[in-house]
Structures are given as C-alpha cells and as structure tokens.
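Q: Structure file target-v3.cif (mmCIF, C-alpha atoms and all ligand atoms) is given on the next line.
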data_final
#
loop_
_atom_site.label_atom_id
_atom_site.label_comp_id
_atom_site.auth_asym_id
_atom_site.auth_seq_id
_atom_site.Cartn_x
_atom_site.Cartn_y
_atom_site.Cartn_z
CA MET R 3 20.04 -14.81 -4.22
CA VAL R 4 17.48 -17.17 -5.80
CA GLN R 5 15.20 -16.74 -2.77
CA PHE R 6 14.69 -13.10 -3.74
CA SER R 7 14.19 -13.77 -7.44
CA LEU R 8 10.74 -12.97 -8.85
CA GLU R 9 11.53 -14.22 -12.37
CA GLY R 10 8.36 -15.46 -14.07
CA ARG R 11 6.09 -13.93 -11.41
CA VAL R 12 3.25 -11.43 -12.12
CA ALA R 13 2.81 -8.68 -9.51
CA LEU R 14 -0.23 -6.40 -9.24
CA VAL R 15 0.31 -3.16 -7.32
CA THR R 16 -2.96 -1.27 -6.85
CA GLY R 17 -2.66 2.52 -7.11
CA GLY R 18 0.84 2.03 -8.44
CA SER R 19 1.13 5.10 -10.73
CA TYR R 20 3.36 6.95 -8.28
CA GLY R 21 4.29 7.22 -4.60
CA ILE R 22 4.90 4.20 -2.39
CA GLY R 23 3.20 1.81 -4.84
CA PHE R 24 5.46 2.90 -7.68
CA ALA R 25 8.61 2.42 -5.58
CA MET R 26 7.55 -1.05 -4.40
CA ALA R 27 6.68 -2.05 -7.98
CA THR R 28 10.12 -1.03 -9.20
CA ALA R 29 11.70 -3.24 -6.51
CA LEU R 30 9.63 -6.21 -7.68
CA ALA R 31 10.47 -5.47 -11.32
CA GLU R 32 14.19 -5.26 -10.51
CA ALA R 33 13.86 -8.80 -9.09
CA GLY R 34 12.29 -10.01 -12.35
CA ALA R 35 8.54 -9.64 -11.80
CA THR R 36 6.15 -8.49 -14.52
CA ILE R 37 4.38 -5.40 -13.19
CA VAL R 38 0.66 -4.69 -13.43
CA PHE R 39 -0.85 -1.60 -11.82
CA ASN R 40 -4.16 0.25 -11.78
CA ASP R 41 -5.45 3.70 -11.06
CA ILE R 42 -8.84 5.35 -11.22
CA LYS R 43 -7.89 7.87 -13.90
CA GLN R 44 -6.70 6.99 -17.44
CA GLU R 45 -4.40 10.01 -17.45
CA LEU R 46 -2.63 8.70 -14.31
CA VAL R 47 -2.37 5.21 -15.78
CA ASP R 48 -0.83 6.69 -18.94
CA LYS R 49 1.56 8.81 -16.84
CA GLY R 50 2.41 5.76 -14.76
CA VAL R 51 3.26 3.69 -17.85
CA VAL R 52 5.62 6.47 -18.98
CA ASN R 53 7.17 6.76 -15.49
CA TYR R 54 7.87 3.02 -15.47
CA SER R 55 9.18 3.00 -19.05
CA GLU R 56 11.58 5.87 -18.21
CA ILE R 57 13.33 3.49 -15.77
CA GLY R 58 13.23 0.57 -18.19
CA ILE R 59 10.15 -1.20 -16.83
CA LYS R 60 7.38 -2.28 -19.24
CA ALA R 61 4.44 -2.06 -16.83
CA HIS R 62 0.87 -3.01 -17.73
CA GLY R 63 -1.50 -0.24 -16.62
CA TYR R 64 -5.27 -0.50 -16.27
CA VAL R 65 -8.05 1.82 -15.15
CA CYS R 66 -9.87 0.23 -12.21
CA ASP R 67 -11.50 1.54 -9.04
CA VAL R 68 -10.69 -0.94 -6.27
CA THR R 69 -14.02 -0.21 -4.55
CA ASN R 70 -16.07 -1.40 -7.56
CA GLU R 71 -16.37 -5.20 -7.34
CA GLU R 72 -17.67 -5.59 -10.91
CA GLU R 73 -14.80 -3.47 -12.28
CA VAL R 74 -12.26 -5.39 -10.18
CA ASN R 75 -13.52 -8.80 -11.30
CA ALA R 76 -13.37 -7.73 -14.95
CA PHE R 77 -9.92 -6.19 -14.38
CA ILE R 78 -8.50 -9.36 -12.80
CA ALA R 79 -9.98 -11.51 -15.60
CA GLN R 80 -8.44 -9.19 -18.20
CA VAL R 81 -5.02 -9.24 -16.52
CA THR R 82 -5.13 -13.04 -16.22
CA GLU R 83 -5.91 -13.25 -19.93
CA GLU R 84 -3.49 -10.60 -21.17
CA VAL R 85 -0.56 -10.88 -18.75
CA GLY R 86 -0.95 -14.03 -16.67
CA VAL R 87 -2.12 -15.28 -13.25
CA ILE R 88 -1.28 -12.82 -10.47
CA ASP R 89 1.32 -14.34 -8.11
CA ILE R 90 1.83 -11.24 -5.96
CA LEU R 91 -0.84 -8.72 -4.93
CA VAL R 92 0.14 -5.47 -3.22
CA ASN R 93 -2.97 -3.71 -1.88
CA ASN R 94 -1.47 -0.23 -1.94
CA ALA R 95 -4.26 2.05 -3.22
CA GLY R 96 -5.48 4.30 -0.46
CA ILE R 97 -6.63 7.76 0.54
CA ILE R 98 -6.77 9.78 3.71
CA LYS R 99 -9.13 12.57 4.80
CA ARG R 100 -7.90 14.71 7.69
CA ILE R 101 -11.07 16.04 9.35
CA PRO R 102 -11.94 16.26 13.09
CA MET R 103 -14.26 13.30 13.68
CA HIS R 104 -17.13 15.38 15.03
CA GLU R 105 -17.02 17.45 11.81
CA MET R 106 -16.61 14.49 9.43
CA SER R 107 -19.60 13.46 7.34
CA ALA R 108 -20.63 9.82 7.30
CA ALA R 109 -20.08 9.92 3.52
CA ASP R 110 -16.45 11.00 3.97
CA PHE R 111 -15.91 8.34 6.64
CA ARG R 112 -17.43 5.68 4.40
CA GLN R 113 -15.31 6.70 1.40
CA VAL R 114 -12.06 6.22 3.33
CA ILE R 115 -13.22 2.83 4.68
CA ASP R 116 -14.37 1.88 1.17
CA ILE R 117 -11.05 2.55 -0.53
CA ASP R 118 -8.63 1.63 2.29
CA LEU R 119 -10.40 -1.47 3.66
CA ASN R 120 -13.17 -2.67 1.33
CA GLY R 121 -10.82 -2.23 -1.65
CA PRO R 122 -8.19 -4.67 -0.36
CA PHE R 123 -10.98 -7.13 0.52
CA ILE R 124 -12.52 -6.90 -2.98
CA VAL R 125 -9.21 -7.24 -4.85
CA SER R 126 -7.91 -10.03 -2.59
CA LYS R 127 -11.21 -11.92 -2.98
CA ALA R 128 -10.85 -11.71 -6.78
CA VAL R 129 -7.21 -12.87 -6.81
CA ILE R 130 -7.20 -15.64 -4.17
CA PRO R 131 -9.04 -18.32 -6.25
CA HIS R 132 -6.34 -17.98 -8.94
CA MET R 133 -3.60 -18.26 -6.29
CA ILE R 134 -5.23 -21.38 -4.84
CA LYS R 135 -5.34 -22.97 -8.30
CA LYS R 136 -1.70 -22.05 -8.91
CA GLY R 137 -0.62 -23.45 -5.53
CA HIS R 138 0.99 -20.28 -4.18
CA GLY R 139 0.45 -16.56 -3.66
CA LYS R 140 1.70 -13.46 -1.85
CA ILE R 141 -0.62 -10.74 -0.60
CA ILE R 142 0.90 -7.60 0.91
CA ASN R 143 -1.49 -5.09 2.49
CA ILE R 144 -0.15 -1.57 2.97
CA CYS R 145 -1.10 -0.70 6.53
CA SER R 146 0.14 2.28 8.53
CA MET R 147 1.30 3.69 11.89
CA MET R 148 -2.45 4.21 12.21
CA SER R 149 -2.91 0.45 12.29
CA GLU R 150 -1.49 0.81 15.83
CA LEU R 151 -1.89 4.44 16.88
CA GLY R 152 -4.51 7.18 16.61
CA ARG R 153 -4.18 10.89 16.22
CA GLU R 154 -6.46 13.87 15.76
CA THR R 155 -8.39 14.17 12.44
CA VAL R 156 -7.65 10.70 11.04
CA SER R 157 -10.45 8.60 12.62
CA ALA R 158 -11.64 7.03 9.34
CA TYR R 159 -8.11 6.29 8.16
CA ALA R 160 -7.09 4.72 11.49
CA ALA R 161 -10.27 2.62 11.56
CA ALA R 162 -9.56 1.44 8.01
CA LYS R 163 -5.88 0.70 8.58
CA GLY R 164 -6.64 -1.03 11.90
CA GLY R 165 -9.16 -3.15 10.05
CA LEU R 166 -6.64 -3.82 7.29
CA LYS R 167 -4.20 -5.18 9.90
CA MET R 168 -6.83 -7.66 11.05
CA LEU R 169 -7.92 -8.51 7.49
CA THR R 170 -4.25 -9.36 6.87
CA LYS R 171 -4.20 -11.73 9.85
CA ASN R 172 -7.48 -13.30 8.74
CA ILE R 173 -6.38 -13.94 5.16
CA CYS R 174 -3.24 -15.52 6.65
CA SER R 175 -5.41 -17.73 8.86
CA GLU R 176 -7.91 -18.73 6.16
CA TYR R 177 -5.52 -19.29 3.21
CA GLY R 178 -2.16 -20.22 4.72
CA ALA R 179 -2.97 -23.87 4.03
CA TYR R 180 -3.02 -23.05 0.28
CA ASN R 181 0.57 -21.77 0.44
CA ILE R 182 -0.68 -18.17 0.32
CA GLN R 183 1.20 -15.79 2.61
CA CYS R 184 -0.58 -12.56 3.54
CA ASN R 185 1.46 -9.93 5.37
CA GLY R 186 1.32 -6.19 5.88
CA ILE R 187 3.80 -3.39 5.49
CA GLY R 188 3.28 -0.49 7.91
CA PRO R 189 5.15 2.52 6.51
CA GLY R 190 5.98 5.29 8.95
CA TYR R 191 5.78 8.89 7.77
CA ILE R 192 6.84 8.82 4.13
CA ALA R 193 7.39 11.84 1.85
CA THR R 194 4.74 11.36 -0.85
CA PRO R 195 1.86 13.47 -2.23
CA GLN R 196 -0.35 12.01 0.51
CA THR R 197 1.73 13.61 3.27
CA ALA R 198 2.72 16.76 1.37
CA PRO R 199 0.26 18.93 3.40
CA LEU R 200 2.06 17.86 6.59
CA ARG R 201 5.44 19.00 5.27
CA GLU R 202 4.52 22.32 3.66
CA LYS R 203 6.75 25.18 4.81
CA GLN R 204 5.09 27.93 6.85
CA ALA R 205 4.54 31.42 5.37
CA ASP R 206 7.75 32.61 7.07
CA GLY R 207 9.69 29.69 5.55
CA SER R 208 9.90 27.75 8.83
CA PRO R 209 9.14 24.00 8.86
CA HIS R 210 5.53 22.83 9.29
CA PRO R 211 5.02 22.04 13.01
CA PHE R 212 4.01 18.48 12.08
CA ASP R 213 7.24 18.09 10.11
CA SER R 214 9.26 19.03 13.21
CA PHE R 215 7.04 16.76 15.34
CA ILE R 216 7.72 13.72 13.15
CA ILE R 217 11.46 14.39 13.06
CA ALA R 218 11.43 14.46 16.90
CA LYS R 219 9.34 11.28 17.05
CA THR R 220 11.54 9.30 14.65
CA PRO R 221 14.85 7.83 15.92
CA ALA R 222 16.10 8.06 12.32
CA ALA R 223 15.32 11.82 12.61
CA ARG R 224 14.00 11.97 9.06
CA TRP R 225 10.88 11.30 6.98
CA GLY R 226 10.93 8.04 5.09
CA THR R 227 11.11 7.94 1.31
CA PRO R 228 9.25 5.53 -1.00
CA GLU R 229 12.64 3.91 -1.68
CA ASP R 230 12.75 2.81 1.99
CA LEU R 231 9.85 0.47 1.19
CA LYS R 232 11.59 -1.33 -1.71
CA GLY R 233 13.52 -3.95 0.29
CA PRO R 234 10.67 -4.83 2.67
CA ALA R 235 8.29 -5.23 -0.29
CA LEU R 236 10.72 -7.52 -2.12
CA PHE R 237 11.23 -9.61 1.02
CA LEU R 238 7.48 -10.15 1.55
CA ALA R 239 6.87 -10.76 -2.19
CA SER R 240 9.63 -13.40 -2.50
CA ASP R 241 10.27 -16.99 -1.42
CA ALA R 242 12.52 -15.54 1.30
CA SER R 243 9.33 -14.97 3.36
CA ASN R 244 7.52 -18.26 2.67
CA PHE R 245 7.24 -18.98 6.40
CA VAL R 246 6.29 -15.41 7.34
CA ASN R 247 2.51 -15.06 7.51
CA GLY R 248 0.10 -12.67 9.21
CA HIS R 249 2.94 -10.30 10.09
CA ILE R 250 2.85 -6.51 9.85
CA LEU R 251 6.35 -5.31 9.00
CA TYR R 252 6.67 -1.72 10.24
CA VAL R 253 9.05 0.37 8.16
CA ASP R 254 8.96 3.49 10.29
CA GLY R 255 12.50 4.50 11.22
CA GLY R 256 11.71 3.38 14.78
CA ILE R 257 8.71 5.60 15.55
CA LEU R 258 6.70 2.82 17.20
CA ALA R 259 9.61 1.99 19.54
CA TYR R 260 10.37 5.55 20.65
CA ILE R 261 8.74 7.94 23.16
CA GLY R 262 10.14 10.89 21.19
CA LYS R 263 12.93 13.41 21.68
CA GLN R 264 12.52 15.70 24.68
CA PRO R 265 11.53 19.17 23.31
P1 LIG R 301 -0.67 8.52 -2.70
O1 LIG R 301 0.57 9.21 -3.11
O2 LIG R 301 -1.89 9.31 -2.38
O3 LIG R 301 -1.06 7.39 -3.83
C1 LIG R 301 -2.21 6.62 -3.60
C2 LIG R 301 -2.53 5.94 -4.90
O4 LIG R 301 -3.76 5.19 -4.76
C3 LIG R 301 -2.74 6.95 -6.03
O5 LIG R 301 -2.18 6.47 -7.23
C4 LIG R 301 -4.26 7.00 -6.12
O6 LIG R 301 -4.73 7.36 -7.38
C5 LIG R 301 -4.60 5.55 -5.85
N1 LIG R 301 -6.02 5.39 -5.53
C6 LIG R 301 -6.76 6.14 -4.69
N2 LIG R 301 -8.03 5.68 -4.67
C7 LIG R 301 -8.09 4.63 -5.53
C8 LIG R 301 -9.13 3.73 -5.94
N3 LIG R 301 -10.39 3.85 -5.49
N4 LIG R 301 -8.83 2.77 -6.84
C9 LIG R 301 -7.57 2.67 -7.35
N5 LIG R 301 -6.53 3.49 -7.00
C10 LIG R 301 -6.81 4.44 -6.09
O7 LIG R 301 -0.38 7.63 -1.43
P2 LIG R 301 1.01 7.05 -0.88
O8 LIG R 301 1.55 7.98 0.13
O9 LIG R 301 1.85 6.57 -2.00
O10 LIG R 301 0.40 5.81 -0.07
C11 LIG R 301 0.21 4.56 -0.69
C12 LIG R 301 -0.33 3.65 0.38
O11 LIG R 301 0.53 3.70 1.53
C13 LIG R 301 -1.71 4.06 0.88
O12 LIG R 301 -2.47 2.92 1.21
C14 LIG R 301 -1.40 4.84 2.17
O13 LIG R 301 -2.48 4.81 3.07
C15 LIG R 301 -0.24 4.06 2.68
N6 LIG R 301 0.64 4.77 3.62
C16 LIG R 301 1.21 5.95 3.26
C17 LIG R 301 2.08 6.55 4.17
C18 LIG R 301 2.76 7.86 3.89
O14 LIG R 301 3.33 8.43 4.85
N7 LIG R 301 2.76 8.35 2.67
C19 LIG R 301 2.37 5.94 5.37
C20 LIG R 301 1.73 4.73 5.69
C21 LIG R 301 0.88 4.15 4.78
P3 LIG R 301 -5.28 8.86 -7.59
O15 LIG R 301 -4.06 9.74 -7.66
O16 LIG R 301 -6.03 8.79 -8.88
O17 LIG R 301 -6.15 9.20 -6.41
C1 LIG R 302 -1.25 11.45 8.94
C2 LIG R 302 -0.40 10.76 7.91
C3 LIG R 302 -0.21 9.32 8.28
C4 LIG R 302 0.63 8.63 7.23
C5 LIG R 302 0.82 7.21 7.53
C6 LIG R 302 1.59 6.97 8.79
O1 LIG R 302 -2.05 12.33 8.56
O2 LIG R 302 -1.09 11.11 10.12
O3 LIG R 302 -0.97 10.88 6.63
O4 LIG R 302 -1.44 8.69 8.44
O5 LIG R 302 0.02 8.71 5.99
O6 LIG R 302 -0.36 6.47 7.49
O7 LIG R 302 1.90 5.60 8.85
#
Now that the file is in, can you turn its structure into structure tokens?
Ligand code: NAP
Ligand code: GCO
A:
Amino acid sequence: MVQFSLEGRVALVTGGSYGIGFAMATALAEAGATIVFNDIKQELVDKGVVNYSEIGIKAHGYVCDVTNEEEVNAFIAQVTEEVGVIDILVNNAGIIKRIPMHEMSAADFRQVIDIDLNGPFIVSKAVIPHMIKKGHGKIINICSMMSELGRETVSAYAAAKGGLKMLTKNICSEYGAYNIQCNGIGPGYIATPQTAPLREKQADGSPHPFDSFIIAKTPAARWGTPEDLKGPALFLASDASNFVNGHILYVDGGILAYIGKQP
C-alpha cells in the first residue's frame, strides 16, 4: 500500500546497531527508507553496518553520543550533507540501571535521565528545523511500560520514560502545525540484551523468577521479540499515521490491560 511506502525517505534510528532499534530500522528499510544509525562505539557501528548488509540493507552508521549536543549537531549536519534531510527520527538509544533507589548514586540517576530523556530532546531539537523546512516529519520516541508503571530498582528509568511520554506529547503540541507527527512506541518486555539479566536461567536450570512473572503478567504468555516492533514502527513512520499525533502505542502483548494470571 502506498500509504506504508517510505521510498525516498531518510530514517535515523539512534542506537540502531542491534536490538529493538535494529529491528525497527529493518522494517523501515523494507518499506524503502534509507537507514542511518548511530552508536557510541565505532566497533558497534562497524558491526551494525555488517549486520544490516547481511540482510541486504546498506545502512549509514555514525559514531555519536546522543547526550552530547555538539556531537549531535555535527552528526545531523554530516548526515544531511552525506545522506539527505532526515524525514523520520526514531529516538531508540537508551540504557537502564537496576539499583534500589536509596542505594542509587545521583550520578547513576543522572546518566539514565541524560541518555533516555535528554538524548531524545537533543536529537529532536537538532532534526526539527530540517523537518519544518521540508514541510513534514515523523518522530517516534521509544517509551516503555515504565512510562506508565513503576517497579522496584528502576526509578531513574521510569522517571526518564515517563518524561519521554510527556516530551512526545509536547513535541506533538508544539510542531503538529508544521506537519510533524511525534508519537511514542511503548514496548512491553522484549527479549534483547537489555533484558537478558531478567531472563537468565537459575543455577538449577529453572526459569528466572522475573521471567515467570512476566509470562504470568502477559496475556500473550510470552516475551516480545524485536520483530514485534516492526509493524508498529512502520505504521508510525509512514503516511498511514499522518493524523496520529501525541499517541503512545503500547506493544506489550496486553500487559497494561491485564491484572495477571492467578498464581
Ligand atoms: P539495548 O539492546 O541495550 O540497545 C540500546 C542501544 O542504545 C545500544 O545500541 C546502545 O549502544 C545504544 N546507546 C546507549 N547509550 C547511547 C548513547 N549515549 N548514544 C547513542 N547510543 C546509545 O536496548 P533495547 O532493549 O534494544 O532497547 C532499545 C530501546 O527500547 C531503549 O530505549 C529501551 O529503553 C527501550 N525499551 C526496551 C524494552 C525491552 O524490553 N528490551 C522495553 C521497552 C523499551 P551500546 O551498546 O554502545 O551501549
Ligand atoms: C525492567 C525492564 C523493563 C523493560 C521495558 C518494559 O527492568 O523492568 O528492563 O524496564 O526494559 O522498559 O517496557
């Protein structure tokens, strides 16, 4: 369907070397977009370029730390010069630190906020003027269950992702008149390196308690995979969602709707 075509569009996926970002980027590439991604380590950028090329995608990889405004501005200028104006921005780069709040240092708290909330602000701020000039743009912020819910040990992450939900609504409010749509995707529990510690088997080979907990909390009774994010990302990156703005699309197998299976 033409509405889902991204032919001629340039998409930037931050932190797109692997994981959820990589999967979403492949969906956008399959619809015709030119893919740009960044990472903080050259070796990961190089690995990412190989990963993309192995599935037939010629992705443009750059080293850039999304928390460094000078680096980001130079990165966006370089991409605009070398690849083209960014039509679609996916603010995917993010980290989590799982530490009880009363034991968490202010430095650790700040680092999570810096990458997960300040990063999307800095990159969006750099890209929006180009989108305004071009007359359209799509910004997709990768939120979380923790944009809506808390749990032990993830105070910084929840604060960042809650803030990212509201930043999404504010970009929608401030730039909707320029034909820029800013939406969020809220993945549920997805099997990636970021959640690997929550799925590690116990010493006796039994499932991690958190693994069993998530299965019981998810109507789909499974962890999500990065591939589950491909369709939602394409929808929000394409003309099919031109009248969708300020919305957080939860891709969670139903967790947010469900009280959880009785033990
Ligand atoms: P991941 O496997 O840890 O990948 C995160 C990516 O972001 C990595 O490539 C990482 O690069 C990059 N990154 C980290 N800090 C960066 C910085 N300062 N500048 C540029 N890139 C940076 O995470 P994921 O599971 O794919 O998650 C991707 C996004 O989805 C994150 O925003 C996460 O919060 C969100 N999310 C994940 C889940 C889940 O269950 N997995 C659920 C909901 C939301 P390095 O490897 O060099 O650190
Ligand atoms: C955690 C997990 C979650 C997921 C995701 C859920 O420790 O609770 O890492 O935060 O990463 O954000 O949507």
Q: List every residue of chain R that has an atom at most 7 Å from any atom of ligand LIG 301 (chain R), and for each one report the closest atom pair and its distance in Å to one decimal, counting only C-alpha atoms and all ligand atoms, with rows sorted by chain and then by increasing residue number, as JSON lines.
A:
{"residue": "R:Thr16", "atom": "CA", "partner": "R:LIG301", "partner_atom": "N5", "distance": 6.0}
{"residue": "R:Gly17", "atom": "CA", "partner": "R:LIG301", "partner_atom": "O4", "distance": 3.7}
{"residue": "R:Gly18", "atom": "CA", "partner": "R:LIG301", "partner_atom": "O5", "distance": 5.5}
{"residue": "R:Ser19", "atom": "CA", "partner": "R:LIG301", "partner_atom": "O5", "distance": 5.0}
{"residue": "R:Tyr20", "atom": "CA", "partner": "R:LIG301", "partner_atom": "O5", "distance": 5.7}
{"residue": "R:Gly21", "atom": "CA", "partner": "R:LIG301", "partner_atom": "O9", "distance": 3.6}
{"residue": "R:Ile22", "atom": "CA", "partner": "R:LIG301", "partner_atom": "O9", "distance": 3.9}
{"residue": "R:Gly23", "atom": "CA", "partner": "R:LIG301", "partner_atom": "O9", "distance": 5.7}
{"residue": "R:Asn40", "atom": "CA", "partner": "R:LIG301", "partner_atom": "C9", "distance": 6.1}
{"residue": "R:Asp41", "atom": "CA", "partner": "R:LIG301", "partner_atom": "N5", "distance": 4.2}
{"residue": "R:Ile42", "atom": "CA", "partner": "R:LIG301", "partner_atom": "C9", "distance": 4.9}
{"residue": "R:Lys43", "atom": "CA", "partner": "R:LIG301", "partner_atom": "O16", "distance": 5.4}
{"residue": "R:Leu46", "atom": "CA", "partner": "R:LIG301", "partner_atom": "O16", "distance": 6.4}
{"residue": "R:Cys66", "atom": "CA", "partner": "R:LIG301", "partner_atom": "C9", "distance": 5.9}
{"residue": "R:Asp67", "atom": "CA", "partner": "R:LIG301", "partner_atom": "N4", "distance": 3.7}
{"residue": "R:Val68", "atom": "CA", "partner": "R:LIG301", "partner_atom": "N4", "distance": 4.2}
{"residue": "R:Thr69", "atom": "CA", "partner": "R:LIG301", "partner_atom": "N3", "distance": 5.5}
{"residue": "R:Asn94", "atom": "CA", "partner": "R:LIG301", "partner_atom": "O12", "distance": 4.6}
{"residue": "R:Ala95", "atom": "CA", "partner": "R:LIG301", "partner_atom": "O4", "distance": 3.5}
{"residue": "R:Gly96", "atom": "CA", "partner": "R:LIG301", "partner_atom": "O12", "distance": 3.7}
{"residue": "R:Ile97", "atom": "CA", "partner": "R:LIG301", "partner_atom": "C6", "distance": 5.5}
{"residue": "R:Ile98", "atom": "CA", "partner": "R:LIG301", "partner_atom": "O13", "distance": 6.6}
{"residue": "R:Ile117", "atom": "CA", "partner": "R:LIG301", "partner_atom": "N3", "distance": 5.2}
{"residue": "R:Asp118", "atom": "CA", "partner": "R:LIG301", "partner_atom": "O12", "distance": 6.4}
{"residue": "R:Ile144", "atom": "CA", "partner": "R:LIG301", "partner_atom": "O12", "distance": 5.4}
{"residue": "R:Cys145", "atom": "CA", "partner": "R:LIG301", "partner_atom": "C21", "distance": 5.5}
{"residue": "R:Ser146", "atom": "CA", "partner": "R:LIG301", "partner_atom": "C20", "distance": 4.1}
{"residue": "R:Met147", "atom": "CA", "partner": "R:LIG301", "partner_atom": "C20", "distance": 6.3}
{"residue": "R:Gly188", "atom": "CA", "partner": "R:LIG301", "partner_atom": "C20", "distance": 5.9}
{"residue": "R:Pro189", "atom": "CA", "partner": "R:LIG301", "partner_atom": "C20", "distance": 4.2}
{"residue": "R:Gly190", "atom": "CA", "partner": "R:LIG301", "partner_atom": "C19", "distance": 5.1}
{"residue": "R:Tyr191", "atom": "CA", "partner": "R:LIG301", "partner_atom": "O14", "distance": 3.8}
{"residue": "R:Ile192", "atom": "CA", "partner": "R:LIG301", "partner_atom": "O14", "distance": 3.6}
{"residue": "R:Ala193", "atom": "CA", "partner": "R:LIG301", "partner_atom": "N7", "distance": 5.9}
{"residue": "R:Thr194", "atom": "CA", "partner": "R:LIG301", "partner_atom": "O8", "distance": 4.7}
{"residue": "R:Pro195", "atom": "CA", "partner": "R:LIG301", "partner_atom": "O1", "distance": 4.5}
{"residue": "R:Gln196", "atom": "CA", "partner": "R:LIG301", "partner_atom": "O2", "distance": 4.2}
{"residue": "R:Thr197", "atom": "CA", "partner": "R:LIG301", "partner_atom": "N7", "distance": 5.4}
Q: Find, counting all atoms listed in the file, the residue in R:Met168, R:Ile134, R:Leu30, R:Ala205 that gets nearest to R:Ala61.
A: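 Nearest to R:Ala61: R:Leu30.
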Q: Tell me, as a list in words, which residues lie within 12 Å of R:Ser214, counting only C-alpha atoms; anything in the same chain fewer than 6 positions away does not count.
A: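 Here the answer would be Leu200, Arg201, Glu202, Lys203, Gln204, Ser208, Thr220, Ala223, Arg224, Trp225, Gly262, Lys263 and Pro265 of chain R.
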Q: So, counting all atoms listed in the file, which residue among R:Asp110, R:Glu72, R:Asp89, R:Glu56 is closest to R:Gly139?
A: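 Going through R:Asp110, R:Glu72, R:Asp89, R:Glu56 one by one, the smallest distance to R:Gly139 is for R:Asp89.
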Q: Can you work out which one of R:Lys171, R:Lys163, R:Lys135, R:Lys99 has the shortest atom-to-atom distance to R:Glu150, counting all atoms listed in the file?
A: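 Closest to R:Glu150, using all atoms listed in the file: R:Lys163.
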Q: For a test of reading the model, state the distance in Å between atom CA of R:Ser175 and atom CA of R:Phe111, rounded to one decimal.
A: 28.2 Å
Q: Calculated over all atoms listed in the file, which of the candidates R:Ala259, R:Ala222, R:Ile101, R:Val52 has the smallest distance to ligand LIG 302 (chain R)?
A: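 Closest to ligand LIG 302 (chain R), using all atoms listed in the file: R:Ile101.
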Q: Taking only C-alpha atoms and all ligand atoms into account, name the residue in R:Pro234, R:Pro102, R:Pro221, R:Gly50 that is nearest to ligand LIG 302 (chain R).
A: R:Pro102
Q: Record the distance separating atom CA of R:Met103 and atom CA of R:Thr155, expressed in Å with one decimal.
A: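 Taking atom CA of R:Met103 and atom CA of R:Thr155, their separation equals 6.1 Å.
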Q: Find the residues near stretch 122-132 of chain R: any atom within 7 Å, counting all atoms listed in the file, skip ones fewer than 6 places away on the same chain, and give them as a PyMOL selection string.
A: chain R and resi 68+71+74-75+78+87-88+93
Q: Pull C-alpha atoms from the residues just selected and write them as a compact mmCIF listing (two decimals), keeping the file's coordinate frame.
A:
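Saved result, part.txt, follows:
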# COMPACT_ATOMS: atom_id res chain seq x y z
CA VAL R 68 -10.69 -0.94 -6.27
CA GLU R 71 -16.37 -5.20 -7.34
CA VAL R 74 -12.26 -5.39 -10.18
CA ASN R 75 -13.52 -8.80 -11.30
CA ILE R 78 -8.50 -9.36 -12.80
CA VAL R 87 -2.12 -15.28 -13.25
CA ILE R 88 -1.28 -12.82 -10.47
CA ASN R 93 -2.97 -3.71 -1.88
Q: Just the number, please: distance in Å from atom CA of R:Ala79 to atom CA of R:Gly121, one decimal.
A: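 For atom CA of R:Ala79 relative to atom CA of R:Gly121, the distance reads 16.8 Å.
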